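Raw work.txt, compact mmCIF, C-alpha atoms:
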```
# COMPACT_ATOMS: atom_id res chain seq x y z
CA MET A 1017 -44.47 30.79 -18.55
CA ILE A 1018 -41.67 29.36 -20.69
CA ASN A 1019 -42.38 26.14 -22.51
CA PRO A 1020 -40.46 23.47 -20.50
CA ILE A 1021 -39.26 21.68 -23.63
CA GLU A 1022 -38.01 24.78 -25.34
CA GLN A 1023 -34.63 24.23 -23.63
CA PHE A 1024 -34.05 21.16 -25.80
CA GLU A 1025 -34.32 23.10 -29.04
CA LEU A 1026 -31.24 23.46 -31.16
CA ARG A 1027 -30.12 27.05 -31.82
CA PRO A 1028 -27.79 27.42 -34.80
CA LEU A 1029 -24.98 29.85 -34.00
CA VAL A 1030 -23.00 29.47 -37.23
CA ALA A 1031 -24.92 28.05 -40.15
CA LEU A 1032 -22.84 25.44 -41.99
CA SER A 1033 -23.77 22.96 -44.68
CA VAL A 1034 -21.75 20.32 -46.52
CA GLY A 1035 -23.25 18.62 -49.58
CA GLY A 1036 -26.77 19.52 -48.53
CA THR A 1037 -26.24 18.13 -45.02
CA ASP A 1038 -26.78 20.61 -42.21
CA ILE A 1039 -23.73 20.67 -39.92
CA SER A 1040 -24.38 24.05 -38.31
CA PHE A 1041 -22.43 24.97 -35.19
CA THR A 1042 -25.22 25.06 -32.61
CA ASN A 1043 -25.54 25.58 -28.87
CA SER A 1044 -25.30 21.79 -28.59
CA ALA A 1045 -21.99 21.77 -30.47
CA LEU A 1046 -20.77 24.66 -28.32
CA MET A 1047 -21.35 22.61 -25.17
CA MET A 1048 -19.60 19.59 -26.74
CA VAL A 1049 -16.59 21.74 -27.56
CA ALA A 1050 -16.74 23.26 -24.06
CA ALA A 1051 -16.79 19.80 -22.50
CA ALA A 1052 -13.79 18.71 -24.56
CA VAL A 1053 -11.86 21.90 -23.83
CA ILE A 1054 -12.67 21.93 -20.11
CA SER A 1055 -11.77 18.31 -19.57
CA THR A 1056 -8.54 18.64 -21.54
CA VAL A 1057 -7.47 21.86 -19.84
CA PHE A 1058 -8.44 20.59 -16.41
CA LEU A 1059 -6.61 17.28 -16.79
CA THR A 1060 -3.53 18.89 -18.37
CA LEU A 1061 -3.00 21.89 -16.10
CA SER A 1062 -3.76 20.02 -12.90
CA VAL A 1063 -0.93 17.51 -13.34
CA ARG A 1064 1.53 20.04 -14.75
CA ALA A 1065 3.34 20.27 -11.41
CA ARG A 1066 3.84 16.46 -11.41
CA ALA A 1067 3.91 16.72 -7.63
CA LEU A 1068 4.86 13.70 -5.59
CA VAL A 1069 2.28 14.73 -3.02
CA PRO A 1070 -0.61 15.97 -5.18
CA GLY A 1071 -2.38 19.22 -4.53
CA ARG A 1072 -6.12 19.73 -4.73
CA TRP A 1073 -6.41 19.90 -8.52
CA GLN A 1074 -3.90 17.17 -9.18
CA SER A 1075 -5.58 14.74 -6.79
CA MET A 1076 -8.88 15.48 -8.53
CA ALA A 1077 -7.38 14.60 -11.92
CA GLU A 1078 -5.79 11.48 -10.43
CA LEU A 1079 -9.14 10.60 -8.88
CA PHE A 1080 -10.82 10.72 -12.30
CA TYR A 1081 -8.08 8.60 -13.81
CA GLU A 1082 -8.06 5.99 -11.07
CA PHE A 1083 -11.85 5.92 -10.84
CA VAL A 1084 -12.23 4.96 -14.51
CA ALA A 1085 -9.13 2.74 -14.47
CA ASN A 1086 -10.42 0.79 -11.46
CA MET A 1087 -13.90 0.52 -12.99
CA LEU A 1088 -12.39 -0.93 -16.15
CA ARG A 1089 -10.10 -3.30 -14.26
CA ASP A 1090 -12.86 -4.52 -11.94
CA ASN A 1091 -15.32 -5.16 -14.77
CA VAL A 1092 -13.09 -6.24 -17.64
CA GLY A 1093 -9.71 -7.15 -16.16
CA SER A 1094 -6.28 -6.51 -17.62
CA GLU A 1095 -7.42 -7.16 -21.23
CA GLY A 1096 -9.48 -3.98 -20.97
CA ARG A 1097 -6.40 -1.77 -20.66
CA GLN A 1098 -6.19 -1.03 -24.38
CA TYR A 1099 -9.75 0.36 -24.36
CA PHE A 1100 -9.03 2.66 -21.41
CA PRO A 1101 -8.67 5.88 -23.47
CA PHE A 1102 -12.01 5.21 -25.16
CA ILE A 1103 -13.82 4.45 -21.91
CA PHE A 1104 -12.23 7.49 -20.28
CA THR A 1105 -13.25 9.76 -23.16
CA LEU A 1106 -16.77 8.35 -23.03
CA PHE A 1107 -16.95 9.07 -19.32
CA MET A 1108 -15.69 12.63 -19.79
CA VAL A 1109 -18.11 13.37 -22.64
CA VAL A 1110 -21.13 12.07 -20.74
CA LEU A 1111 -20.13 13.52 -17.36
CA PHE A 1112 -19.34 17.00 -18.65
CA GLY A 1113 -22.44 16.92 -20.88
CA ASN A 1114 -24.55 16.22 -17.82
CA LEU A 1115 -22.81 18.73 -15.56
CA LEU A 1116 -22.60 21.58 -18.09
CA GLY A 1117 -26.30 21.04 -18.77
CA ILE A 1118 -27.13 21.80 -15.14
CA LEU A 1119 -25.27 25.13 -15.22
CA PRO A 1120 -27.87 27.86 -15.78
CA ILE A 1121 -26.08 29.48 -18.73
CA PRO A 1122 -28.42 32.03 -20.37
CA VAL A 1123 -29.35 31.48 -24.06
CA LEU A 1124 -26.41 29.17 -24.85
CA GLY A 1125 -26.94 26.66 -22.05
CA PHE A 1126 -27.71 23.23 -23.44
CA THR A 1127 -27.71 19.59 -22.34
CA TYR A 1128 -26.50 17.47 -25.23
CA THR A 1129 -26.91 14.29 -23.17
CA ALA A 1130 -30.66 15.02 -23.15
CA GLN A 1131 -30.64 14.53 -26.94
CA ILE A 1132 -31.65 11.02 -27.96
CA ILE A 1133 -29.53 11.19 -31.10
CA VAL A 1134 -26.40 11.98 -29.05
CA THR A 1135 -26.92 9.28 -26.45
CA PHE A 1136 -27.92 6.81 -29.15
CA ALA A 1137 -24.81 7.60 -31.16
CA LEU A 1138 -22.61 6.99 -28.10
CA ALA A 1139 -24.46 3.78 -27.27
CA ALA A 1140 -24.26 2.64 -30.89
CA VAL A 1141 -20.50 3.18 -30.94
CA VAL A 1142 -20.21 1.06 -27.79
CA PHE A 1143 -22.56 -1.61 -29.20
CA VAL A 1144 -20.91 -1.87 -32.61
CA GLY A 1145 -17.42 -1.67 -31.13
CA VAL A 1146 -18.13 -4.38 -28.58
CA THR A 1147 -19.68 -6.64 -31.22
CA ILE A 1148 -16.66 -6.21 -33.49
CA ILE A 1149 -14.26 -6.89 -30.61
CA GLY A 1150 -16.24 -10.03 -29.75
CA PHE A 1151 -16.10 -11.42 -33.29
CA VAL A 1152 -12.43 -10.49 -33.75
CA ARG A 1153 -11.45 -12.18 -30.51
CA HIS A 1154 -13.62 -15.29 -30.70
CA GLY A 1155 -14.78 -15.59 -34.32
CA LEU A 1156 -18.07 -17.46 -34.61
CA HIS A 1157 -17.53 -18.72 -31.06
CA PHE A 1158 -18.80 -15.29 -30.01
CA LEU A 1159 -22.30 -16.54 -30.83
CA ARG A 1160 -22.12 -18.73 -27.71
CA LEU A 1161 -22.94 -15.49 -25.91
CA PHE A 1162 -26.55 -16.07 -26.98
CA PHE A 1163 -26.74 -19.44 -25.27
CA PRO A 1164 -26.27 -19.40 -21.48
CA LYS A 1165 -23.69 -21.91 -20.31
CA GLY A 1166 -25.12 -25.05 -18.64
CA ALA A 1167 -28.68 -24.62 -19.91
CA PRO A 1168 -30.30 -27.75 -21.40
CA PRO A 1169 -29.94 -27.73 -25.23
CA ALA A 1170 -33.71 -27.97 -25.73
CA MET A 1171 -34.11 -24.66 -23.94
CA GLY A 1172 -32.12 -23.05 -26.74
CA ILE A 1173 -35.31 -22.66 -28.75
CA VAL A 1174 -36.58 -20.25 -26.12
CA LEU A 1175 -33.35 -18.84 -24.73
CA VAL A 1176 -31.50 -17.96 -27.91
CA PRO A 1177 -34.18 -15.57 -29.27
CA ILE A 1178 -34.48 -13.94 -25.85
CA GLU A 1179 -30.73 -13.50 -25.55
CA ILE A 1180 -30.49 -12.11 -29.09
CA LEU A 1181 -33.33 -9.71 -28.42
CA SER A 1182 -31.78 -8.54 -25.15
CA TYR A 1183 -28.44 -8.13 -26.90
CA PHE A 1184 -29.95 -5.84 -29.50
CA MET A 1185 -31.88 -3.94 -26.86
CA ARG A 1186 -28.62 -2.93 -25.20
CA PRO A 1187 -27.91 0.22 -27.23
CA ILE A 1188 -31.53 1.27 -26.89
CA SER A 1189 -31.72 0.82 -23.13
CA LEU A 1190 -28.28 2.40 -22.72
CA SER A 1191 -29.19 5.50 -24.73
CA VAL A 1192 -32.79 5.88 -23.55
CA ARG A 1193 -31.77 5.59 -19.88
CA LEU A 1194 -29.41 8.57 -20.13
CA PHE A 1195 -31.67 10.57 -22.44
CA ALA A 1196 -34.79 10.04 -20.30
CA ASN A 1197 -33.04 10.82 -17.04
CA MET A 1198 -31.58 14.05 -18.30
CA THR A 1199 -34.73 15.13 -20.15
CA ALA A 1200 -37.04 14.44 -17.23
CA GLY A 1201 -34.74 16.15 -14.76
CA HIS A 1202 -34.44 19.25 -16.88
CA ILE A 1203 -38.19 19.46 -17.52
CA ILE A 1204 -38.86 19.28 -13.78
CA LEU A 1205 -36.22 21.93 -13.09
CA GLN A 1206 -37.75 24.15 -15.77
CA ILE A 1207 -41.29 23.76 -14.43
CA MET A 1208 -40.17 24.36 -10.87
CA GLY A 1209 -38.19 27.41 -11.98
CA GLY A 1210 -41.32 28.67 -13.73
CA PHE A 1211 -43.25 28.32 -10.46
CA VAL A 1212 -40.61 30.31 -8.61
CA VAL A 1213 -40.79 33.13 -11.14
CA THR A 1214 -44.59 33.36 -11.53
CA LEU A 1215 -45.43 32.77 -7.86
CA GLY A 1216 -42.54 34.86 -6.53
CA ALA A 1217 -43.48 37.76 -8.77
CA LEU A 1218 -46.98 37.82 -7.26
CA TYR A 1219 -46.31 36.84 -3.65
CA PHE A 1220 -42.72 36.85 -2.42
CA VAL A 1221 -43.07 34.53 0.60
CA PRO A 1222 -45.08 31.72 -1.09
CA GLY A 1223 -42.55 31.91 -3.92
CA LEU A 1224 -39.92 30.69 -1.48
CA PHE A 1225 -41.50 27.21 -1.32
CA PRO A 1226 -40.95 26.27 -4.95
CA PHE A 1227 -37.52 27.91 -4.64
CA ALA A 1228 -36.57 25.59 -1.77
CA PHE A 1229 -37.91 22.66 -3.75
CA LEU A 1230 -35.97 23.79 -6.80
CA SER A 1231 -32.76 23.97 -4.76
CA ALA A 1232 -33.25 20.44 -3.49
CA LEU A 1233 -34.02 19.24 -7.02
CA LEU A 1234 -30.86 20.89 -8.29
CA VAL A 1235 -28.78 18.93 -5.78
CA LEU A 1236 -30.61 15.77 -6.83
CA GLU A 1237 -29.90 16.56 -10.49
CA VAL A 1238 -26.18 16.91 -9.78
CA GLY A 1239 -26.35 13.47 -8.21
CA VAL A 1240 -28.24 12.11 -11.22
CA ALA A 1241 -25.69 13.69 -13.57
CA LEU A 1242 -22.81 11.93 -11.79
CA LEU A 1243 -24.68 8.66 -11.38
CA GLN A 1244 -25.91 8.45 -14.97
CA ALA A 1245 -22.41 9.13 -16.31
CA TYR A 1246 -21.16 6.32 -14.09
CA VAL A 1247 -23.98 3.97 -15.12
CA PHE A 1248 -23.42 4.64 -18.81
CA VAL A 1249 -19.72 3.84 -18.56
CA VAL A 1250 -20.02 0.90 -16.20
CA LEU A 1251 -22.56 -0.75 -18.51
CA SER A 1252 -20.21 -0.16 -21.43
CA CYS A 1253 -17.50 -1.90 -19.41
CA ILE A 1254 -19.81 -4.84 -18.68
CA TYR A 1255 -20.68 -5.20 -22.39
CA LEU A 1256 -16.98 -5.05 -23.20
CA ASN A 1257 -16.34 -7.76 -20.64
CA ASP A 1258 -19.00 -9.97 -22.27
CA ALA A 1259 -17.28 -9.54 -25.62
CA ILE A 1260 -13.84 -10.36 -24.19
CA HIS A 1261 -14.73 -13.15 -21.74
CA LEU A 1262 -18.08 -14.43 -23.14
CA HIS A 1263 -19.52 -14.72 -19.59
CA MET B 145 -40.34 16.89 -28.25
CA PRO B 146 -37.68 18.73 -30.23
CA GLN B 147 -35.22 15.86 -29.68
CA PHE B 148 -37.17 13.64 -32.08
CA ASP B 149 -37.08 16.13 -34.93
CA PRO B 150 -34.78 14.56 -37.57
CA ALA B 151 -33.48 18.04 -38.40
CA VAL B 152 -31.47 18.10 -35.13
CA PHE B 153 -29.74 14.78 -35.88
CA ALA B 154 -27.18 15.65 -38.52
CA PRO B 155 -25.53 18.74 -36.97
CA GLN B 156 -25.30 17.10 -33.54
CA LEU B 157 -23.93 13.83 -34.94
CA PHE B 158 -21.28 15.72 -36.86
CA TRP B 159 -20.12 17.81 -33.92
CA LEU B 160 -20.36 14.90 -31.51
CA ALA B 161 -18.15 12.77 -33.77
CA LEU B 162 -15.69 15.63 -34.21
CA THR B 163 -15.40 16.55 -30.52
CA PHE B 164 -15.35 12.91 -29.44
CA ILE B 165 -12.54 11.99 -31.83
CA VAL B 166 -10.52 15.08 -30.95
CA LEU B 167 -11.01 14.48 -27.25
CA TYR B 168 -10.12 10.79 -27.70
CA VAL B 169 -6.86 11.67 -29.45
CA LEU B 170 -6.01 14.29 -26.83
CA MET B 171 -6.75 11.86 -23.99
CA ALA B 172 -4.96 8.88 -25.55
CA LYS B 173 -1.84 10.73 -26.74
CA LEU B 174 -1.43 13.57 -24.29
CA VAL B 175 -3.47 13.65 -21.12
CA LEU B 176 -3.71 10.05 -19.94
CA PRO B 177 -0.05 9.11 -20.52
CA ARG B 178 0.94 12.16 -18.53
CA ILE B 179 -1.29 11.29 -15.56
CA ALA B 180 -0.17 7.67 -15.82
CA SER B 181 3.48 8.72 -15.73
CA VAL B 182 2.85 10.86 -12.65
CA LEU B 183 1.15 7.95 -10.91
CA ASP B 184 3.85 5.52 -12.06
CA GLU B 185 6.57 7.82 -10.86
CA ARG B 186 4.98 8.02 -7.44
CA GLN B 187 4.45 4.26 -7.28
CA GLN B 188 8.05 3.65 -8.31
CA ARG B 189 9.29 6.13 -5.74
CA ILE B 190 7.25 4.46 -3.04
CA ASP B 191 8.39 0.98 -4.13
CA ALA B 192 12.01 2.11 -4.29
CA ASN B 193 11.80 3.61 -0.83
CA LEU B 194 10.19 0.46 0.55
CA ASP B 195 12.88 -1.63 -1.13
CA ARG B 196 15.59 0.56 0.34
CA ALA B 197 14.00 0.37 3.77
CA ALA B 198 13.87 -3.44 3.54
CA HIS B 199 17.48 -3.50 2.33
CA LEU B 200 18.65 -1.28 5.17
CA LYS B 201 16.75 -3.38 7.65
CA ALA B 202 18.42 -6.53 6.36
CA GLU B 203 21.80 -4.82 6.62
CA ALA B 204 21.05 -3.75 10.16
CA ASN B 205 20.06 -7.32 11.01
CA VAL B 206 23.32 -8.64 9.58
CA ALA B 207 25.27 -6.07 11.57
CA VAL B 208 23.37 -6.92 14.76
CA SER B 209 23.95 -10.64 14.34
CA ALA B 210 27.66 -10.06 13.60
CA TYR B 211 27.91 -7.89 16.68
CA GLU B 212 26.20 -10.53 18.79
CA ARG B 213 28.44 -13.25 17.40
CA ALA B 214 31.50 -11.16 18.21
CA LEU B 215 30.15 -10.45 21.68
CA THR B 216 29.46 -14.12 22.35
CA SER B 217 32.84 -15.30 21.06
CA SER B 218 34.72 -12.68 23.05
CA ARG B 219 32.73 -13.61 26.12
CA TYR B 220 33.75 -17.25 25.64
CA ARG B 221 37.34 -16.20 25.09
CA ALA B 222 37.31 -14.12 28.23
CA GLN B 223 35.91 -17.02 30.23
CA ASP B 224 38.57 -19.32 28.78
CA MET B 225 41.25 -16.84 29.71
CA ILE B 226 39.91 -16.48 33.23
CA LYS B 227 39.76 -20.24 33.68
CA GLU B 228 43.21 -20.78 32.29
CA THR B 229 44.73 -18.04 34.43
CA THR B 230 42.97 -19.33 37.51
CA GLU B 231 44.23 -22.86 36.89
CA ARG B 232 47.72 -21.61 36.24
CA LEU B 233 47.71 -19.54 39.42
CA ILE B 234 46.30 -22.41 41.49
CA ALA B 235 48.94 -24.79 40.12
CA GLU B 236 51.65 -22.24 40.79
CA SER B 237 50.59 -21.62 44.35
CA GLU B 238 50.29 -25.34 45.04
CA ARG B 239 53.75 -25.91 43.67
CA ARG B 240 55.11 -23.13 45.88
CA ASN B 241 53.23 -24.47 48.88
CA ARG B 242 54.68 -27.91 48.26
CA GLU B 243 58.21 -26.54 47.90
CA LEU B 244 57.85 -24.45 50.99
CA ALA B 245 56.47 -27.37 52.96
CA ALA B 246 59.31 -29.60 51.78
CA ARG B 247 61.92 -27.04 52.70
CA LEU B 248 60.33 -26.45 56.06
CA ALA B 249 60.14 -30.19 56.72
CA GLU B 250 63.82 -30.50 55.81
CA GLN B 251 64.76 -27.63 58.07
CA ILE B 252 62.65 -29.08 60.86
CA LYS B 253 64.34 -32.45 60.42
CA ALA B 254 67.81 -30.85 60.41
CA GLY B 255 66.94 -28.83 63.48
CA GLU B 256 65.64 -31.88 65.28
CA ALA B 257 68.84 -33.75 64.38
CA ARG B 258 70.89 -30.87 65.70
CA ILE B 259 68.82 -30.72 68.87
CA GLY B 260 69.12 -34.52 69.29
CA ALA B 261 72.95 -34.31 68.86
CA ALA B 262 73.22 -31.41 71.28
CA ARG B 263 71.07 -33.27 73.76
CA GLN B 264 73.16 -36.40 73.37
CA ALA B 265 76.31 -34.39 73.87
CA ALA B 266 74.82 -32.59 76.85
CA LEU B 267 73.68 -35.86 78.41
CA SER B 268 77.05 -37.52 77.93
CA HIS B 269 78.74 -34.65 79.70
CA VAL B 270 76.25 -34.63 82.59
CA ARG B 271 77.74 -37.74 84.27
CA GLU B 272 81.28 -36.53 84.05
CA ILE B 273 80.30 -33.19 85.53
CA ALA B 274 78.22 -34.89 88.19
CA ALA B 275 81.19 -37.18 89.05
CA GLU B 276 83.59 -34.28 89.21
CA VAL B 277 81.17 -32.20 91.28
CA SER B 278 80.46 -35.16 93.62
CA ALA B 279 84.22 -35.91 93.94
CA VAL B 280 84.99 -32.27 94.71
CA ALA B 281 82.03 -32.11 97.13
CA ALA B 282 83.10 -35.37 98.80
CA ALA B 283 86.69 -34.17 99.05
CA ASN B 284 85.58 -30.93 100.65
CA LEU B 285 83.30 -32.75 103.08
CA THR B 286 85.56 -35.68 104.00
CA GLY B 287 88.96 -34.33 103.26
CA GLU B 288 90.03 -37.21 101.23
CA VAL B 289 89.73 -37.70 97.53
CA PRO B 290 87.28 -40.52 96.75
CA ASP B 291 88.06 -43.20 94.29
CA PRO B 292 86.71 -42.05 90.91
CA ALA B 293 85.40 -45.54 90.12
CA VAL B 294 83.29 -45.58 93.30
CA VAL B 295 81.92 -42.11 92.53
CA GLU B 296 80.99 -43.07 89.03
CA ALA B 297 79.24 -46.23 90.18
CA ALA B 298 77.32 -44.34 92.81
CA ILE B 299 76.23 -41.65 90.31
CA ALA B 300 75.27 -44.24 87.78
CA ALA B 301 73.12 -45.98 90.36
CA ALA B 302 71.55 -42.72 91.48
CA VAL B 303 70.89 -41.48 87.93
CA ASP B 304 69.52 -44.80 86.74
CA GLY B 305 67.34 -45.23 89.84
CA HIS B 306 66.12 -41.68 89.64
CA GLY B 307 65.59 -42.02 85.95
CA GLU B 308 63.53 -45.16 86.48
CA GLN B 309 61.48 -43.47 89.14
CA SER B 310 60.84 -40.40 87.09
CA ARG B 311 59.70 -42.35 84.04
```
What does the file become when written as structure tokens?
Amino acid sequence: MINPIEQFELRPLVALSVGGTDISFTNSALMMVAAAVISTVFLTLSVRARALVPGRWQSMAELFYEFVANMLRDNVGSEGRQYFPFIFTLFMVVLFGNLLGILPIPVLGFTYTAQIIVTFALAAVVFVGVTIIGFVRHGLHFLRLFFPKGAPPAMGIVLVPIEILSYFMRPISLSVRLFANMTAGHIILQIMGGFVVTLGALYFVPGLFPFAFLSALLVLEVGVALLQAYVFVVLSCIYLNDAIHLH
Amino acid sequence: MPQFDPAVFAPQLFWLALTFIVLYVLMAKLVLPRIASVLDERQQRIDANLDRAAHLKAEANVAVSAYERALTSSRYRAQDMIKETTERLIAESERRNRELAARLAEQIKAGEARIGAARQAALSHVREIAAEVSAVAAANLTGEVPDPAVVEAAIAAAVDGHGEQSR
């Protein structure tokens, strides 16, 4: 039986190194490039017709656009417009990372959103970016974020440390949520797939049970992939809103 | 877990940064403006069509109200004309009636006068004729011509007495 965490191992395809730092092109990088290429090609070709009444592909591209645009407008308001390309790119990177990871591509298949360093990097960009936006917009007034409006001043002794702690936990919770969901899902899929192979090789009919379970899990994982991409981006929007409007 | 091996950090960070930045530039400069322009175009088209529909509707309303105004005013004018004509005709026919009645009354009066004169003339001749007839009758019966004064007196008495009786 295959080790269920072997799927998370990086496989260098082209060994590269700059100044002693390893920047090899790996299966992870391949999936990142694939996600970028697929989303660009999909969103470019589908609206090429510029149809007044959109066809199947064009309405899908428009759906993506309006989905993210509405999410940003609902959570941040009109001031969020300038961050739309970033939020959209973030959504595409996470969504296609999740979805490509589910595809059973032999050897090269990889889920880069199940890598803590990737999710943490994305979350850190959001966290640092949001903090900078907050200070640029409000100066030191941004620190009011750590003191809930209307609370008695004496409570500040307790509330301010809690608020600061929760603020700094944001990138961690954001990245660990995505990482853990994807990792756990893929381990379960791997184990269940192992059952199908070992049991099915011995007894065909009993092998069908883990296969049925695996199919159901696969559907669930597609749902998780979509949902976690949405959650990641919607939380980023909420953090952005805090920085812009100071709740 | 292989994810926590620091050796996997650097290559993934590098390629993530690269693909993310490239994708961001592509999205911001190429893909999103294009989708936005398609959506904008559609929205503008829809808005323009709605505007035109509202405009046409307003025009239609103006035309309808103008038509109704024209209809109402011409109806009033027609009624005025009917009333005026009716009054004129009534006045005309009354005038003619009056003229006719006057002429008829005149003719009747003239006729009556003529009848009265004829009657007077006829009556004045009746005595003479009666006297002549009585004288001739008396002469034939008696053989002698009666005195005309006696005859006239007798006729006058008979006519007056008869006339009094008959009245």
Close residues, range 1098-1114 of chain A itself excluded, 8 Å, all atoms listed in the file, min 6 positions apart in chain, as number ranges by chain
A: 1047-1048, 1051-1052, 1055, 1081, 1084-1085, 1088, 1127-1129, 1138, 1198, 1241-1242, 1245-1246, 1248-1249, 1252-1253; B: 164, 167-168, 171-172, 176
Residues near Met145 in chain B, cut-off 12 Å, only C-alpha atoms, skip fewer than 2 positions along chain, as a short mmCIF file (atom, residue, chain, number, x, y, z; two decimals) with C-alpha atoms, keeping the file's coordinate frame:
```cif
data_model
loop_
_atom_site.label_atom_id
_atom_site.label_comp_id
_atom_site.auth_asym_id
_atom_site.auth_seq_id
_atom_site.Cartn_x
_atom_site.Cartn_y
_atom_site.Cartn_z
CA ASN A 1019 -42.38 26.14 -22.51
CA PRO A 1020 -40.46 23.47 -20.50
CA ILE A 1021 -39.26 21.68 -23.63
CA GLU A 1022 -38.01 24.78 -25.34
CA GLN A 1023 -34.63 24.23 -23.63
CA PHE A 1024 -34.05 21.16 -25.80
CA GLU A 1025 -34.32 23.10 -29.04
CA LEU A 1026 -31.24 23.46 -31.16
CA ALA A 1130 -30.66 15.02 -23.15
CA GLN A 1131 -30.64 14.53 -26.94
CA ILE A 1132 -31.65 11.02 -27.96
CA ALA A 1196 -34.79 10.04 -20.30
CA THR A 1199 -34.73 15.13 -20.15
CA ALA A 1200 -37.04 14.44 -17.23
CA ILE A 1203 -38.19 19.46 -17.52
CA GLN B 147 -35.22 15.86 -29.68
CA PHE B 148 -37.17 13.64 -32.08
CA ASP B 149 -37.08 16.13 -34.93
CA PRO B 150 -34.78 14.56 -37.57
CA VAL B 152 -31.47 18.10 -35.13
#
```
Selected residue of minimal separation from Val182 in chain B among A:Val1030, A:Val1221, A:Val1069, A:Leu1161, counting all atoms listed in the file:
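Smallest distance to Val182 in chain B is found for A:Val1069.
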Surrounding residues of Val175 in chain B excluding itself and chain neighbours under 5 positions, 8 Å, all atoms listed in the file, as number ranges by chain:
A: 1056, 1059-1060; B: 170
Within 8 Å of (-28.4, -17.1, -27.7), all atoms listed in the file: residues as number ranges by chain?
A: 1159-1164, 1172, 1175-1180
Measuring atom to atom with all atoms listed in the file, identify which of A:Leu1115, A:Leu1124, A:Val1053, A:Ala1140 is nearest to Pro1028 in chain A.
A:Leu1124
State, in Å with one decimal place, the distance from CA of Val1063 in chain A to CA of Arg186 in chain B.
12.6 Å
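Going from CA of Asn1043 in chain A to CA of Ala161 in chain B covers 15.6 Å.
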Long-range neighbours of Asp1038 in chain A as a list in words, 10 Å cut-off, all atoms listed in the file, 3 positions minimum in chain:
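Neighbouring residues, sequence-local ones excluded: Ala1031, Leu1032, Ser1033, Val1034, Gly1035 and Phe1041 of chain A; Ala151, Val152, Phe153, Ala154, Pro155, Gln156 and Phe158 of chain B.
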State, in Å with one decimal place, the distance from CA of Asp304 in chain B to CA of Arg271 in chain B.
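CA of Asp304 in chain B sits 11.1 Å away from CA of Arg271 in chain B.
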Among the residues B:Gln188, B:Asn193, B:Ser237, B:Thr163, the one that comes closest to Ser1044 in chain A [using all atoms listed in the file]
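Going through B:Gln188, B:Asn193, B:Ser237, B:Thr163 one by one, the smallest distance to Ser1044 in chain A is for B:Thr163.
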Using all atoms listed in the file, the shortest atom-to-atom distance to chain B among A:Pro1070, A:Pro1187, A:Pro1168, A:Gly1093 belongs to A:Pro1070
Restricting the calculation to only C-alpha atoms: of B:Gln264, B:Gln187, B:Thr229, B:Gln251, which residue gets closest to chain A?
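Of the candidates, the smallest distance to chain A is held by B:Gln187.
Using all atoms listed in the file for every distance, the candidate list A:Ile1148, A:Leu1156, A:Val1192, A:Met1171 yields A:Val1192 as the residue closest to chain B.
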Would you pick out the contacts of Glu272 in chain B at 12 Å or less, using all atoms listed in the file, so that residues sharing its chain but fewer than 4 positions from it are not included, and give the list as a PyMOL selection string?
chain B and resi 265-268+276-279+292-293+295-297+299-300
Kindly compute an axis-aligned box around the listed atoms of range 181-198 of chain B, allowing 5 Å on each side, and express its centre and edge lengths in Å to one decimal as lines of an AutoDock Vina configuration file.
```
center_x = 8.4
center_y = 3.7
center_z = -6.0
size_x = 24.4
size_y = 24.3
size_z = 29.5
```
